[in-house]
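Trainee: My file is upload.cif. It has mmCIF, C-alpha atoms and all ligand atoms:
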data_run
loop_
_atom_site.label_atom_id
_atom_site.label_comp_id
_atom_site.auth_asym_id
_atom_site.auth_seq_id
_atom_site.Cartn_x
_atom_site.Cartn_y
_atom_site.Cartn_z
CA MET A 1 166.10 110.56 83.06
CA LEU A 2 162.52 110.44 81.82
CA LYS A 3 163.55 108.08 79.05
CA LYS A 4 165.24 105.81 81.51
CA LEU A 5 162.21 105.77 83.78
CA LEU A 6 159.92 105.01 80.90
CA PHE A 7 162.15 102.23 79.75
CA SER A 8 162.37 100.61 83.14
CA SER A 9 158.63 100.85 83.70
CA LEU A 10 157.99 99.30 80.31
CA LEU A 11 160.36 96.51 81.14
CA LEU A 12 158.67 95.90 84.48
CA THR A 13 155.27 95.87 82.83
CA SER A 14 156.28 93.27 80.34
CA LEU A 15 157.97 91.17 82.97
CA SER A 16 155.31 91.14 85.63
CA GLY A 17 152.06 91.57 83.72
CA ILE A 18 149.21 93.36 85.42
CA SER A 19 150.98 94.20 88.65
CA GLN A 20 152.41 97.32 87.01
CA GLU A 21 149.10 98.38 85.51
CA GLN A 22 147.05 101.07 87.13
CA ALA A 23 144.34 99.41 89.18
CA PRO A 24 140.96 101.14 88.93
CA PRO A 25 139.80 103.08 92.01
CA GLN A 26 137.78 101.22 94.64
CA VAL A 27 135.14 103.94 94.73
CA ASP A 28 133.83 106.66 92.44
CA LEU A 29 133.69 109.82 94.57
CA ARG A 30 130.79 111.21 92.52
CA ILE A 31 128.61 108.50 94.10
CA TYR A 32 128.94 110.19 97.50
CA ASP A 33 127.79 113.49 95.96
CA ILE A 34 124.71 111.70 94.62
CA ILE A 35 123.81 110.38 98.08
CA GLU A 36 124.19 113.91 99.49
CA ALA A 37 122.01 115.43 96.79
CA VAL A 38 118.90 113.32 97.45
CA SER A 39 116.43 115.48 99.35
CA ALA A 40 113.85 114.26 101.87
CA ASP A 41 112.01 117.60 101.56
CA SER A 42 111.61 117.22 97.85
CA ILE A 43 110.36 113.63 98.26
CA GLU A 44 107.93 114.77 100.95
CA ALA A 45 106.56 117.53 98.71
CA ASP A 46 105.94 115.09 95.87
CA ILE A 47 104.31 112.48 98.13
CA ARG A 48 101.99 115.18 99.52
CA ARG A 49 101.08 116.34 96.02
CA LEU A 50 100.38 112.78 94.83
CA ALA A 51 98.38 111.84 97.93
CA GLY A 52 96.49 115.12 97.52
CA PHE A 53 94.84 113.95 94.30
CA GLY A 54 92.32 112.05 96.44
CA THR A 55 92.45 108.81 94.53
CA ARG A 56 94.86 107.74 91.81
CA ASN A 57 92.92 104.62 90.95
CA THR A 58 93.76 103.77 87.33
CA PHE A 59 90.05 104.03 86.45
CA SER A 60 89.42 107.30 88.29
CA ASP A 61 88.75 110.75 86.83
CA THR A 62 91.09 111.82 84.03
CA ILE A 63 89.63 115.30 83.37
CA SER A 64 89.93 117.09 86.71
CA ASP A 65 93.14 118.96 87.51
CA THR A 66 92.78 118.34 91.23
CA ARG A 67 91.51 114.78 91.60
CA GLY A 68 92.17 111.42 89.99
CA ILE A 69 94.80 109.61 87.94
CA GLY A 70 94.71 112.15 85.09
CA ALA A 71 95.74 115.02 87.35
CA ALA A 72 98.40 112.82 88.94
CA ARG A 73 100.04 111.80 85.69
CA ARG A 74 99.98 115.36 84.33
CA PHE A 75 101.67 116.51 87.55
CA ILE A 76 104.39 113.85 87.13
CA LYS A 77 104.90 114.68 83.46
CA ALA A 78 105.13 118.41 84.25
CA ASP A 79 107.71 117.64 86.93
CA PHE A 80 109.82 115.55 84.54
CA ASP A 81 109.50 118.34 81.95
CA LYS A 82 110.73 120.86 84.51
CA ILE A 83 113.68 118.66 85.47
CA SER A 84 114.50 118.30 81.80
CA LYS A 85 114.40 122.05 81.27
CA ASN A 86 116.89 122.45 84.10
CA CYS A 87 119.37 120.10 82.41
CA GLY A 88 119.22 121.52 78.90
CA ASN A 89 116.46 119.14 77.79
CA CYS A 90 118.44 116.07 78.86
CA LEU A 91 115.25 114.04 79.34
CA ASP A 92 112.93 112.72 76.69
CA VAL A 93 109.53 112.86 78.46
CA PHE A 94 106.43 111.17 77.09
CA TYR A 95 103.30 109.16 77.86
CA GLN A 96 103.18 105.50 76.92
CA LYS A 97 99.79 103.83 77.05
CA ASP A 98 97.88 100.63 76.49
CA PHE A 99 94.15 100.03 76.38
CA VAL A 100 92.64 97.58 78.87
CA THR A 101 89.14 96.21 78.69
CA LYS A 102 86.64 95.13 81.31
CA GLU A 103 86.05 92.00 79.28
CA GLY A 104 88.44 89.27 80.26
CA ASN A 105 89.80 91.13 83.31
CA ASP A 106 87.88 90.57 86.53
CA ARG A 107 89.59 93.44 88.37
CA VAL A 108 88.99 96.01 85.61
CA PRO A 109 85.77 97.97 86.30
CA LYS A 110 85.63 99.64 82.87
CA ASP A 111 87.56 99.99 79.61
CA ALA A 112 90.34 102.56 79.96
CA TRP A 113 93.78 103.64 78.85
CA VAL A 114 96.52 102.64 81.25
CA VAL A 115 98.96 105.52 80.93
CA ASN A 116 102.60 105.45 82.04
CA VAL A 117 104.83 108.52 82.32
CA VAL A 118 108.35 108.02 80.96
CA ALA A 119 111.49 110.15 81.22
CA VAL A 120 114.53 108.88 79.33
CA GLN A 121 118.03 110.22 79.96
CA LYS A 122 119.94 108.98 76.93
CA GLY A 123 123.35 107.43 77.45
CA LYS A 124 126.22 109.06 75.58
CA LYS A 125 127.90 105.84 74.58
CA TYR A 126 125.21 103.18 74.76
CA PRO A 127 121.85 104.82 74.13
CA ASN A 128 120.16 101.45 73.62
CA ARG A 129 121.24 100.06 77.03
CA TYR A 130 118.88 101.02 79.84
CA VAL A 131 118.79 101.06 83.60
CA ILE A 132 115.24 101.65 84.79
CA MET A 133 113.86 102.92 88.09
CA SER A 134 110.11 102.56 88.44
CA GLY A 135 107.41 103.63 90.86
CA ASP A 136 103.65 103.46 90.51
CA ILE A 137 101.29 106.30 89.78
CA ASP A 138 98.12 104.44 90.80
CA SER A 139 96.54 103.73 94.18
CA ARG A 140 93.55 101.80 95.43
CA ALA A 141 90.88 101.76 98.14
CA SER A 142 89.74 98.61 100.05
CA ASN A 143 87.88 97.46 96.97
CA THR A 144 90.16 97.63 93.95
CA MET A 145 87.13 98.12 91.67
CA ASP A 146 86.17 101.28 93.60
CA PHE A 147 87.62 104.22 91.69
CA THR A 148 85.90 107.07 93.50
CA THR A 149 86.58 106.58 97.24
CA ASP A 150 89.63 108.38 98.64
CA ALA A 151 92.80 106.31 98.26
CA PRO A 152 95.78 108.58 99.00
CA GLY A 153 98.28 105.74 98.53
CA ALA A 154 100.94 107.80 100.26
CA ASN A 155 103.25 104.86 100.83
CA ASP A 156 101.72 102.53 98.21
CA ASN A 157 103.02 103.89 96.04
CA ALA A 158 103.44 107.65 96.03
CA SER A 159 106.68 106.93 97.92
CA GLY A 160 108.16 104.91 95.04
CA MET A 161 106.92 107.44 92.51
CA ALA A 162 108.32 110.41 94.43
CA GLY A 163 111.63 108.58 94.84
CA THR A 164 111.77 108.05 91.09
CA MET A 165 111.12 111.76 90.45
CA GLU A 166 113.80 112.70 92.97
CA ALA A 167 116.32 110.33 91.36
CA ALA A 168 115.63 112.09 88.04
CA ARG A 169 116.26 115.46 89.67
CA VAL A 170 119.59 114.29 91.08
CA LEU A 171 120.96 112.15 88.25
CA SER A 172 119.99 114.55 85.47
CA LYS A 173 122.92 116.71 86.64
CA TYR A 174 125.29 114.04 85.29
CA GLU A 175 126.03 112.39 81.97
CA PHE A 176 126.15 108.62 81.72
CA ASP A 177 127.44 106.06 79.23
CA SER A 178 124.20 104.05 79.33
CA SER A 179 120.64 105.37 79.36
CA ILE A 180 118.54 105.78 82.50
CA ILE A 181 114.75 105.70 82.52
CA TYR A 182 112.63 107.21 85.28
CA LEU A 183 109.32 105.46 84.98
CA GLY A 184 105.88 106.06 86.46
CA LEU A 185 103.65 103.04 85.90
CA SER A 186 99.87 102.71 86.14
CA GLY A 187 97.43 99.83 86.47
CA GLU A 188 99.57 98.09 89.10
CA GLU A 189 96.75 97.34 91.49
CA GLN A 190 94.49 95.67 88.94
CA GLY A 191 96.99 93.37 87.30
CA LEU A 192 100.38 94.97 86.56
CA PHE A 193 99.08 96.37 83.28
CA GLY A 194 101.40 99.36 83.01
CA GLY A 195 104.56 97.33 83.47
CA LYS A 196 103.32 94.70 81.05
CA GLY A 197 102.68 97.25 78.31
CA PHE A 198 105.99 99.00 78.86
CA ALA A 199 108.04 95.77 78.97
CA GLU A 200 106.39 94.61 75.73
CA MET A 201 107.30 97.92 74.09
CA ALA A 202 110.91 97.55 75.28
CA LYS A 203 111.04 94.03 73.86
CA GLU A 204 109.63 95.16 70.50
CA LYS A 205 112.13 97.99 70.28
CA GLY A 206 115.02 95.63 71.05
CA TRP A 207 116.15 97.52 74.14
CA GLU A 208 118.97 96.03 76.12
CA ILE A 209 117.81 96.34 79.72
CA ILE A 210 120.61 96.20 82.28
CA GLY A 211 118.07 96.09 85.07
CA VAL A 212 114.75 97.32 86.40
CA LEU A 213 114.73 98.64 89.97
CA ASN A 214 111.09 98.61 90.89
CA ASN A 215 110.25 100.62 93.98
CA ASP A 216 107.01 99.73 95.67
CA MET A 217 106.50 101.10 99.18
CA ILE A 218 109.74 102.69 100.34
CA GLY A 219 108.42 104.89 103.16
CA ASN A 220 107.17 102.80 106.08
CA ILE A 221 109.48 102.12 109.02
CA LYS A 222 106.97 100.84 111.61
CA GLY A 223 105.74 97.33 110.97
CA VAL A 224 102.32 95.99 111.82
CA ASP A 225 104.15 93.99 114.52
CA GLY A 226 105.44 97.19 116.14
CA VAL A 227 109.06 96.82 115.00
CA ILE A 228 110.59 100.17 114.07
CA ASP A 229 113.58 100.04 111.75
CA ASN A 230 114.85 102.81 109.49
CA ARG A 231 117.95 101.03 108.23
CA THR A 232 116.78 97.74 106.80
CA PHE A 233 115.19 97.33 103.39
CA ARG A 234 114.39 94.36 101.20
CA ILE A 235 115.59 93.44 97.74
CA PHE A 236 113.38 90.79 96.13
CA SER A 237 114.66 88.85 93.14
CA GLU A 238 113.64 85.69 91.36
CA PRO A 239 116.24 82.89 91.15
CA VAL A 240 116.30 82.32 87.38
CA PRO A 241 114.30 83.80 84.50
CA PRO A 242 111.03 82.09 83.57
CA THR A 243 112.11 82.35 79.93
CA GLU A 244 115.10 80.04 80.30
CA THR A 245 115.50 77.33 77.70
CA GLU A 246 115.41 73.61 78.31
CA ARG A 247 119.16 73.53 77.61
CA GLU A 248 119.79 76.18 80.26
CA ARG A 249 117.74 74.18 82.73
CA MET A 250 119.76 71.05 81.96
CA MET A 251 123.06 72.96 82.27
CA ARG A 252 122.01 74.10 85.73
CA ARG A 253 121.52 70.56 86.90
CA PHE A 254 125.16 69.68 86.20
CA TYR A 255 126.96 73.00 86.62
CA GLY A 256 124.86 74.92 89.15
CA GLY A 257 123.22 78.32 88.96
CA GLU A 258 119.92 77.70 90.75
CA VAL A 259 120.35 80.98 92.63
CA ASP A 260 122.39 82.85 90.03
CA GLY A 261 119.95 84.19 87.43
CA ILE A 262 120.25 87.70 85.99
CA SER A 263 117.79 89.27 88.42
CA ARG A 264 119.60 87.73 91.38
CA GLN A 265 122.90 89.19 90.12
CA LEU A 266 121.21 92.59 89.85
CA ALA A 267 119.95 92.22 93.42
CA ARG A 268 123.49 91.34 94.59
CA TYR A 269 124.76 94.41 92.75
CA VAL A 270 122.37 96.72 94.61
CA HIS A 271 123.27 94.99 97.89
CA GLU A 272 127.00 95.40 97.24
CA THR A 273 126.73 99.01 96.06
CA THR A 274 124.76 99.85 99.22
CA GLU A 275 127.33 98.18 101.47
CA THR A 276 130.16 100.02 99.74
CA TYR A 277 128.70 103.52 99.72
CA MET A 278 125.96 103.50 102.38
CA PRO A 279 127.30 101.21 105.11
CA GLU A 280 124.78 102.65 107.57
CA MET A 281 122.04 100.79 105.67
CA ASN A 282 121.10 97.18 106.11
CA PRO A 283 120.08 95.67 102.77
CA MET A 284 118.25 92.37 103.07
CA MET A 285 118.25 89.99 100.13
CA VAL A 286 115.07 88.00 99.77
CA TYR A 287 115.41 84.99 97.53
CA ARG A 288 111.98 85.12 95.93
CA LEU A 289 110.26 86.99 93.14
CA ASP A 290 108.13 89.07 95.48
CA ARG A 291 106.30 88.87 98.81
CA PHE A 292 104.51 85.55 99.34
CA GLY A 293 101.70 85.36 96.81
CA ARG A 294 101.75 89.07 96.08
CA GLY A 295 102.88 91.00 93.03
CA GLY A 296 104.77 94.04 91.83
CA HIS A 297 105.74 95.83 88.68
CA HIS A 298 109.16 94.20 88.19
CA ARG A 299 107.38 90.94 87.35
CA PRO A 300 106.15 91.85 83.84
CA PHE A 301 109.78 92.65 82.97
CA ASN A 302 110.93 89.31 84.43
CA ASP A 303 108.17 87.60 82.43
CA LEU A 304 109.90 88.72 79.23
CA GLY A 305 113.37 87.69 80.42
CA PHE A 306 114.59 91.11 81.59
CA PRO A 307 116.48 91.43 84.89
CA GLY A 308 114.34 93.20 87.48
CA ILE A 309 114.05 93.42 91.25
CA ARG A 310 111.77 94.91 93.86
CA ILE A 311 113.19 97.35 96.39
CA MET A 312 111.02 98.07 99.42
CA GLU A 313 110.74 98.65 103.14
CA ALA A 314 111.53 95.76 105.49
CA HIS A 315 108.50 96.18 107.76
CA GLU A 316 105.07 96.53 106.20
CA ASN A 317 101.96 97.77 107.91
CA TYR A 318 98.93 96.02 106.48
CA THR A 319 96.39 98.28 108.15
CA GLN A 320 97.85 101.07 106.02
CA GLN A 321 97.76 99.31 102.66
CA HIS A 322 94.78 98.99 100.32
CA GLN A 323 92.46 100.27 103.07
CA ASP A 324 89.68 102.85 103.07
CA ILE A 325 90.49 105.61 105.54
CA ARG A 326 88.57 104.85 108.74
CA THR A 327 88.98 104.05 112.41
CA GLU A 328 87.82 100.64 113.62
CA ASP A 329 88.35 99.24 117.12
CA GLY A 330 90.84 102.03 117.76
CA ILE A 331 92.94 101.16 114.71
CA GLU A 332 93.48 103.90 112.13
CA TYR A 333 93.24 102.36 108.69
CA GLY A 334 94.42 103.98 105.49
CA ASP A 335 97.57 104.81 103.53
CA VAL A 336 97.88 108.44 104.60
CA VAL A 337 100.88 110.80 104.45
CA GLU A 338 101.22 110.88 108.26
CA HIS A 339 102.58 107.32 108.25
CA VAL A 340 105.36 107.95 105.71
CA ASN A 341 108.91 108.45 106.92
CA PHE A 342 110.48 110.81 104.39
CA ASP A 343 114.06 110.32 105.60
CA TYR A 344 113.74 106.59 105.05
CA ALA A 345 112.27 107.16 101.57
CA LYS A 346 115.23 109.41 100.90
CA LYS A 347 117.70 106.68 101.91
CA LEU A 348 116.03 104.12 99.66
CA THR A 349 115.93 106.65 96.83
CA ALA A 350 119.67 107.14 97.29
CA VAL A 351 120.17 103.34 97.12
CA ASN A 352 118.44 103.40 93.72
CA ALA A 353 120.26 106.49 92.48
CA ILE A 354 123.74 105.20 93.30
CA SER A 355 123.02 101.76 91.88
CA MET A 356 121.76 103.29 88.64
CA ALA A 357 124.65 105.76 88.40
CA SER A 358 127.18 103.01 88.98
CA LEU A 359 125.56 100.73 86.40
CA ALA A 360 125.23 103.53 83.84
CA TRP A 361 128.86 104.61 84.32
CA ALA A 362 130.18 101.04 84.20
CA PRO A 363 131.27 99.32 81.01
CA PRO A 364 128.98 96.63 79.60
CA ALA A 365 129.05 93.29 81.41
CA PRO A 366 131.41 90.73 79.84
CA LYS A 367 129.91 88.51 77.18
CA LYS A 368 130.34 84.77 76.57
CA VAL A 369 131.64 83.96 80.05
CA SER A 370 132.69 80.32 80.19
CA ILE A 371 134.29 78.16 82.86
CA GLY A 372 136.67 75.21 82.90
CA GLY A 373 138.86 73.28 85.30
CA ILE A 374 137.08 69.93 85.64
CA VAL A 375 139.39 67.40 87.40
CA GLU A 376 142.05 70.05 87.74
CA ALA A 377 143.54 71.93 90.68
CA SER A 378 142.54 75.36 89.42
CA ALA A 379 139.41 76.98 88.05
CA LYS A 380 139.67 78.79 84.70
CA LEU A 381 137.47 81.50 83.29
CA ARG A 382 137.20 82.94 79.81
CA TRP A 383 135.16 85.78 78.40
CA GLU A 384 134.97 88.11 75.44
CA LYS A 385 136.90 91.35 75.88
CA SER A 386 135.07 94.59 75.24
CA ASP A 387 136.48 97.30 72.95
CA ASP A 388 135.12 100.00 75.28
CA GLU A 389 138.07 102.28 76.13
CA ASN A 390 136.57 102.83 79.61
CA VAL A 391 137.30 99.18 80.49
CA ALA A 392 140.19 99.03 82.95
CA GLY A 393 139.89 95.27 83.21
CA TYR A 394 137.88 92.43 84.65
CA LYS A 395 137.20 91.08 88.09
CA ILE A 396 136.52 87.46 88.92
CA TYR A 397 134.15 86.82 91.80
CA TRP A 398 133.57 83.58 93.63
CA ARG A 399 131.85 82.29 96.74
CA ASP A 400 131.10 79.13 98.68
CA THR A 401 128.20 77.25 97.13
CA THR A 402 126.10 77.95 100.24
CA ALA A 403 126.96 81.67 100.47
CA PRO A 404 124.30 84.18 99.44
CA GLN A 405 126.70 86.96 98.34
CA TRP A 406 129.95 87.00 96.37
CA GLN A 407 132.64 86.54 99.01
CA TYR A 408 135.93 86.69 97.16
CA SER A 409 137.15 88.66 94.21
CA ARG A 410 140.28 89.24 92.23
CA TYR A 411 140.96 92.01 89.76
CA VAL A 412 142.80 90.38 86.88
CA GLY A 413 143.49 93.27 84.49
CA ASN A 414 142.45 93.70 80.90
CA VAL A 415 142.63 90.08 79.80
CA ASP A 416 140.12 87.65 78.33
CA ASN A 417 140.89 84.64 80.52
CA PHE A 418 142.35 83.82 83.90
CA THR A 419 143.26 80.79 85.98
CA LEU A 420 142.58 80.96 89.70
CA GLU A 421 145.48 78.87 90.97
CA GLY A 422 144.51 76.42 93.67
CA ILE A 423 140.82 77.27 93.63
CA VAL A 424 138.95 74.04 92.89
CA ILE A 425 136.00 74.52 90.57
CA ASP A 426 133.74 72.07 92.45
CA ASN A 427 133.70 74.01 95.69
CA TYR A 428 132.62 77.50 94.60
CA PHE A 429 130.40 79.43 92.27
CA PHE A 430 132.12 81.91 89.95
CA GLY A 431 131.31 85.01 87.95
CA VAL A 432 133.03 87.80 86.01
CA ALA A 433 132.41 91.57 85.97
CA ALA A 434 133.87 94.34 83.81
CA VAL A 435 135.51 97.20 85.73
CA GLY A 436 135.60 100.75 84.39
CA LYS A 437 138.57 103.11 84.71
CA ASN A 438 136.24 105.23 86.88
CA GLY A 439 135.91 102.30 89.30
CA ASN A 440 132.33 101.39 88.43
CA GLU A 441 131.61 97.74 87.77
CA SER A 442 129.11 95.91 85.64
CA VAL A 443 126.77 93.30 87.05
CA VAL A 444 128.54 89.97 87.66
CA VAL A 445 127.95 87.46 84.87
CA PHE A 446 127.52 83.81 85.79
CA PRO A 447 129.17 81.47 83.21
CA SER A 448 126.78 80.14 80.60
CA GLU A 449 129.23 77.74 78.90
CA THR A 450 131.90 75.27 80.00
CA PHE A 451 135.15 74.17 78.38
CA ARG A 452 137.68 71.38 78.83
CA ASP A 453 141.33 71.63 77.86
ZN ZN B 1 99.44 98.17 96.34
#
Show me the file's structure as structure tokens.
Ligand SMILES: [Zn+2]
Mentor:
Amino acid sequence: MLKKLLFSSLLLTSLSGISQEQAPPQVDLRIYDIIEAVSADSIEADIRRLAGFGTRNTFSDTISDTRGIGAARRFIKADFDKISKNCGNCLDVFYQKDFVTKEGNDRVPKDAWVVNVVAVQKGKKYPNRYVIMSGDIDSRASNTMDFTTDAPGANDNASGMAGTMEAARVLSKYEFDSSIIYLGLSGEEQGLFGGKGFAEMAKEKGWEIIGVLNNDMIGNIKGVDGVIDNRTFRIFSEPVPPTETERERMMRRFYGGEVDGISRQLARYVHETTETYMPEMNPMMVYRLDRFGRGGHHRPFNDLGFPGIRIMEAHENYTQQHQDIRTEDGIEYGDVVEHVNFDYAKKLTAVNAISMASLAWAPPAPKKVSIGGIVEASAKLRWEKSDDENVAGYKIYWRDTTAPQWQYSRYVGNVDNFTLEGIVIDNYFFGVAAVGKNGNESVVVFPSETFRD
């Protein structure tokens, strides 16, 4: 009986191709556990501790245990060390630093070390592939050169830092195929120094960075315009990397891809993961590097050609950013703890945690994705198959040329090419993702080559 069943199923498989294969699950149930595990109380406690150091200006006191950036970074390192102890030393925790000088930097008040705090959770299968979540350690007063006045920076950016620490607490309970880094950066307010130093180190070490999720202000729900919204958040991403070659630029002119760079695909991934697992949230894609004329710590990674995005609140309150604490004309200025919404910071932390878990559990994105089908009725895609045994197969995505998100997809099994019958190449943009047997998908890869035959 068993033999007969086996035989007939084999026959069916060979006759009808992928239709008899096991399709990977649509969701990974562990992702729901991760959302549940993120704690608003724990985020609140860390924001209060960080804001309690008075100022965390990069050039503030480094000796005191109660005030200044030194106390803040030692607190963060001790917290990462504690998390690591609770997971059998699963984190590699260390300081990474670069020296900045007053000379040549008009927002640097004195020579100092810019010190980042790093916690690396090594991947079991791909230790050299990294997903990074970052927040900032430092804060600033009205005058960025002023490193003594109180600057609690509760939202900017103790919220992003606390979220990063909480993600470490939650995700360290799991093992992943790829590595995850929980990163506290310094020197943000004076010129993105911490991110620059860290990105350069990553480049030198030849790290393969899947993506940087930079969190900068994830705790404010009441905008300066009075709008209150605890569901919407923004995902900023640049269209194409600044490091692209002249050939890539020329390719784009004829084949498209103006809004399909690696950071944009990462942004779409976070958007899609949120819609799948946290449908109560309202992710808002913003098609630009950062807020108009302003900066954040994903940029130094982008500068070196790494994919990176900024995740942040939808409604900012400018009277509570970069302001000395004071009351003027009845307006309370200052970035104090009282304005932070911890439940919202928890939701945005969960968005990060599930995106990182999904990426770190997914197989590597397909390589050498190419597209053909010029003057033909059907679009064709080819890619290089991975030898990762977690790969269930591949999924082709496509969308109208004017659509912001991938609209259509088809799981095509464990093959290295596919023809989308009746889908005309001219009218859509296409991409390919690898799908794991656990249901987690890689970032979508936009074709970088074309073929004719
Ligand atoms: Zn700031």
Trainee: Go through the chains and note each residue within 9 Å of ligand ZN 1 (chain B), using only C-alpha atoms and all ligand atoms, then give the set as an MDAnalysis selection string.
Mentor: chainID A and resid 136 138:140 153 155:157 188:189 216:217 295:296 321:322
Trainee: Keeping only C-alpha atoms, take the residues you just selected and write them out as a CSV table (one decimal), in the coordinates of the input.
Mentor:
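See again_20.csv below for the written result:
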chain,number,residue,atom,x,y,z
A,136,ASP,CA,103.6,103.5,90.5
A,138,ASP,CA,98.1,104.4,90.8
A,139,SER,CA,96.5,103.7,94.2
A,140,ARG,CA,93.6,101.8,95.4
A,153,GLY,CA,98.3,105.7,98.5
A,155,ASN,CA,103.2,104.9,100.8
A,156,ASP,CA,101.7,102.5,98.2
A,157,ASN,CA,103.0,103.9,96.0
A,188,GLU,CA,99.6,98.1,89.1
A,189,GLU,CA,96.8,97.3,91.5
A,216,ASP,CA,107.0,99.7,95.7
A,217,MET,CA,106.5,101.1,99.2
A,295,GLY,CA,102.9,91.0,93.0
A,296,GLY,CA,104.8,94.0,91.8
A,321,GLN,CA,97.8,99.3,102.7
A,322,HIS,CA,94.8,99.0,100.3
Trainee: One number please: atom CA of A:Ser448 to atom CA of A:Lys368, in Å, one decimal.
Mentor: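 Interatomic distance here is 7.1 Å.
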Trainee: Please determine, counting only C-alpha atoms, which residue among A:Arg268, A:Lys385, A:His315, A:Arg56 has the shortest atom-to-atom distance to A:Tyr397.
Mentor: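 Once distances to A:Tyr397 are computed over only C-alpha atoms, the minimum belongs to A:Arg268.
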Trainee: What's the 9 Å shell around A:Lys125, counting all atoms listed in the file, without same-chain residues fewer than 4 positions away, as a list of chain:residue names?
Mentor: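 Here the answer would be A:Phe176, A:Asp177, A:Ser178, A:Ser179.
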Trainee: Save out the residues we just selected, C-alpha atoms, as a PDB file, keeping the file's coordinate frame.
Mentor:
ATOM      1  CA  PHE A 176     126.150 108.620  81.720  1.00  0.00           C
ATOM      2  CA  ASP A 177     127.440 106.060  79.230  1.00  0.00           C
ATOM      3  CA  SER A 178     124.200 104.050  79.330  1.00  0.00           C
ATOM      4  CA  SER A 179     120.640 105.370  79.360  1.00  0.00           C
TER       5      SER A 179
END
Trainee: Please put the answer as JSON: centre and edge lengths, in Å with one decimal, of a box along x, y and z that encloses all listed atoms of stretch 318-334 of chain A plus 3 Å on each side.
Mentor:
{"center_x": 93.4, "center_y": 100.8, "center_z": 109.0, "size_x": 17.1, "size_y": 15.6, "size_z": 23.4}
Trainee: Ranking A:Ala72, A:Ile423, A:Met278, A:Val259 by minimum distance to A:Pro241 and counting only C-alpha atoms, which one comes first?
Mentor: A:Val259
Trainee: Name the residues in contact with A:Asn230 at a cut-off of 12 Å, using only C-alpha atoms, excluding same-chain residues fewer than 5 positions from it; report them as a PyMOL selection string.
Mentor: chain A and resi 218-223+280-283+312-315+340-348
Trainee: My list of candidates is A:Thr164, A:Asn116, A:Asn89, A:Asn57. Which is closest to A:Pro152 when distances are computed with all atoms listed in the file?
Mentor: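 That would be A:Asn57, the residue with the smallest distance to A:Pro152.
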Trainee: With distances taken over only C-alpha atoms, which residue among A:Ala353, A:Val38, A:Leu420, A:Ala151 lies nearest A:Ile132?
Mentor: A:Ala353
Trainee: Go through A:Arg48, A:Arg129, A:Arg234, A:Arg291 one by one, measure the shortest atom-to-atom distance of each to A:His339 using all atoms listed in the file, and give the residue with the smallest value.
Mentor: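 Closest candidate: A:Arg48.
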Trainee: Mind giving me the straight-line distance from atom CA of A:Ile325 to atom CA of A:Val114 in Å, one decimal?
Mentor: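 Atom CA of A:Val114 lies 25.2 Å from atom CA of A:Ile325.
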